[in-house]
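J.: Following this message is one structure expressed as structure tokens.
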Amino acid sequence: MGKLRVEKRGKYWQYSFEGANVDGKRNRIQKAGFRTRLDAINAGTEAQAEYNKAGINFVPSEISFF
């Protein structure tokens, strides 16, 4: 949903991104503890892709209009 952010916290790196709003409140997904910036980017990209693919898939053949 939102842009992937990578930042340093102390000597470790973290990623974060915005998820869908829940009850009008922002839903921020974040994880820290990566040793390198590249590790955080790779993990964040994978987590964001998994988050975006979650949910019910729409299959047109399962819908009846009668």
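Just so we're on the same page: first chain in the structure tokens is A, next is B, and so on; residues restart at 1 for each chain, and ligands are numbered from 1 in the order they show up.
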Per DSSP on the backbone, what are the helix (DSSP H, G or I) residues of chain A, as a list in words?
T.: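 So, restricting chain A to helix (DSSP H, G or I), we get Arg37, Leu38, Asp39, Ala40, Ile41, Asn42, Ala43, Gly44, Thr45, Glu46, Ala47, Gln48, Ala49, Glu50, Tyr51, Asn52, Lys53, Pro60, Ser61 and Glu62 of chain A.
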J.: What's the 6 Å shell around stretch 24-31 of chain A, counting only C-alpha atoms, without same-chain residues fewer than 4 positions away, as a ChimeraX atom specification?
T.: /A:14-19
J.: Could the residues in this selection be written to a file with N, CA and C atoms, as a PDB file, in the first residue's frame?
T.:
ATOM      1  N   GLN A  14      16.021  -1.113  10.088  1.00  0.00           N
ATOM      2  CA  GLN A  14      14.629  -1.542  10.150  1.00  0.00           C
ATOM      3  C   GLN A  14      13.921  -1.155   8.867  1.00  0.00           C
ATOM      4  N   TYR A  15      12.833  -1.879   8.553  1.00  0.00           N
ATOM      5  CA  TYR A  15      11.959  -1.482   7.453  1.00  0.00           C
ATOM      6  C   TYR A  15      10.577  -1.204   8.010  1.00  0.00           C
ATOM      7  N   SER A  16       9.808  -0.399   7.306  1.00  0.00           N
ATOM      8  CA  SER A  16       8.426  -0.134   7.672  1.00  0.00           C
ATOM      9  C   SER A  16       7.662   0.299   6.431  1.00  0.00           C
ATOM     10  N   PHE A  17       6.353   0.030   6.456  1.00  0.00           N
ATOM     11  CA  PHE A  17       5.466   0.490   5.403  1.00  0.00           C
ATOM     12  C   PHE A  17       4.063   0.597   5.964  1.00  0.00           C
ATOM     13  N   GLU A  18       3.231   1.392   5.307  1.00  0.00           N
ATOM     14  CA  GLU A  18       1.864   1.607   5.750  1.00  0.00           C
ATOM     15  C   GLU A  18       0.954   0.528   5.178  1.00  0.00           C
ATOM     16  N   GLY A  19       0.151  -0.066   6.029  1.00  0.00           N
ATOM     17  CA  GLY A  19      -0.852  -1.023   5.593  1.00  0.00           C
ATOM     18  C   GLY A  19      -2.196  -0.316   5.454  1.00  0.00           C
TER      19      GLY A  19
END
J.: Let me make sure I understand: among A:Gly33, A:Leu38, A:Glu46, A:Lys53, which one has the smallest atom-to-atom distance to A:Gly10 if we use only C-alpha atoms?
T.: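 Closest to A:Gly10 of all the choices is A:Gly33.
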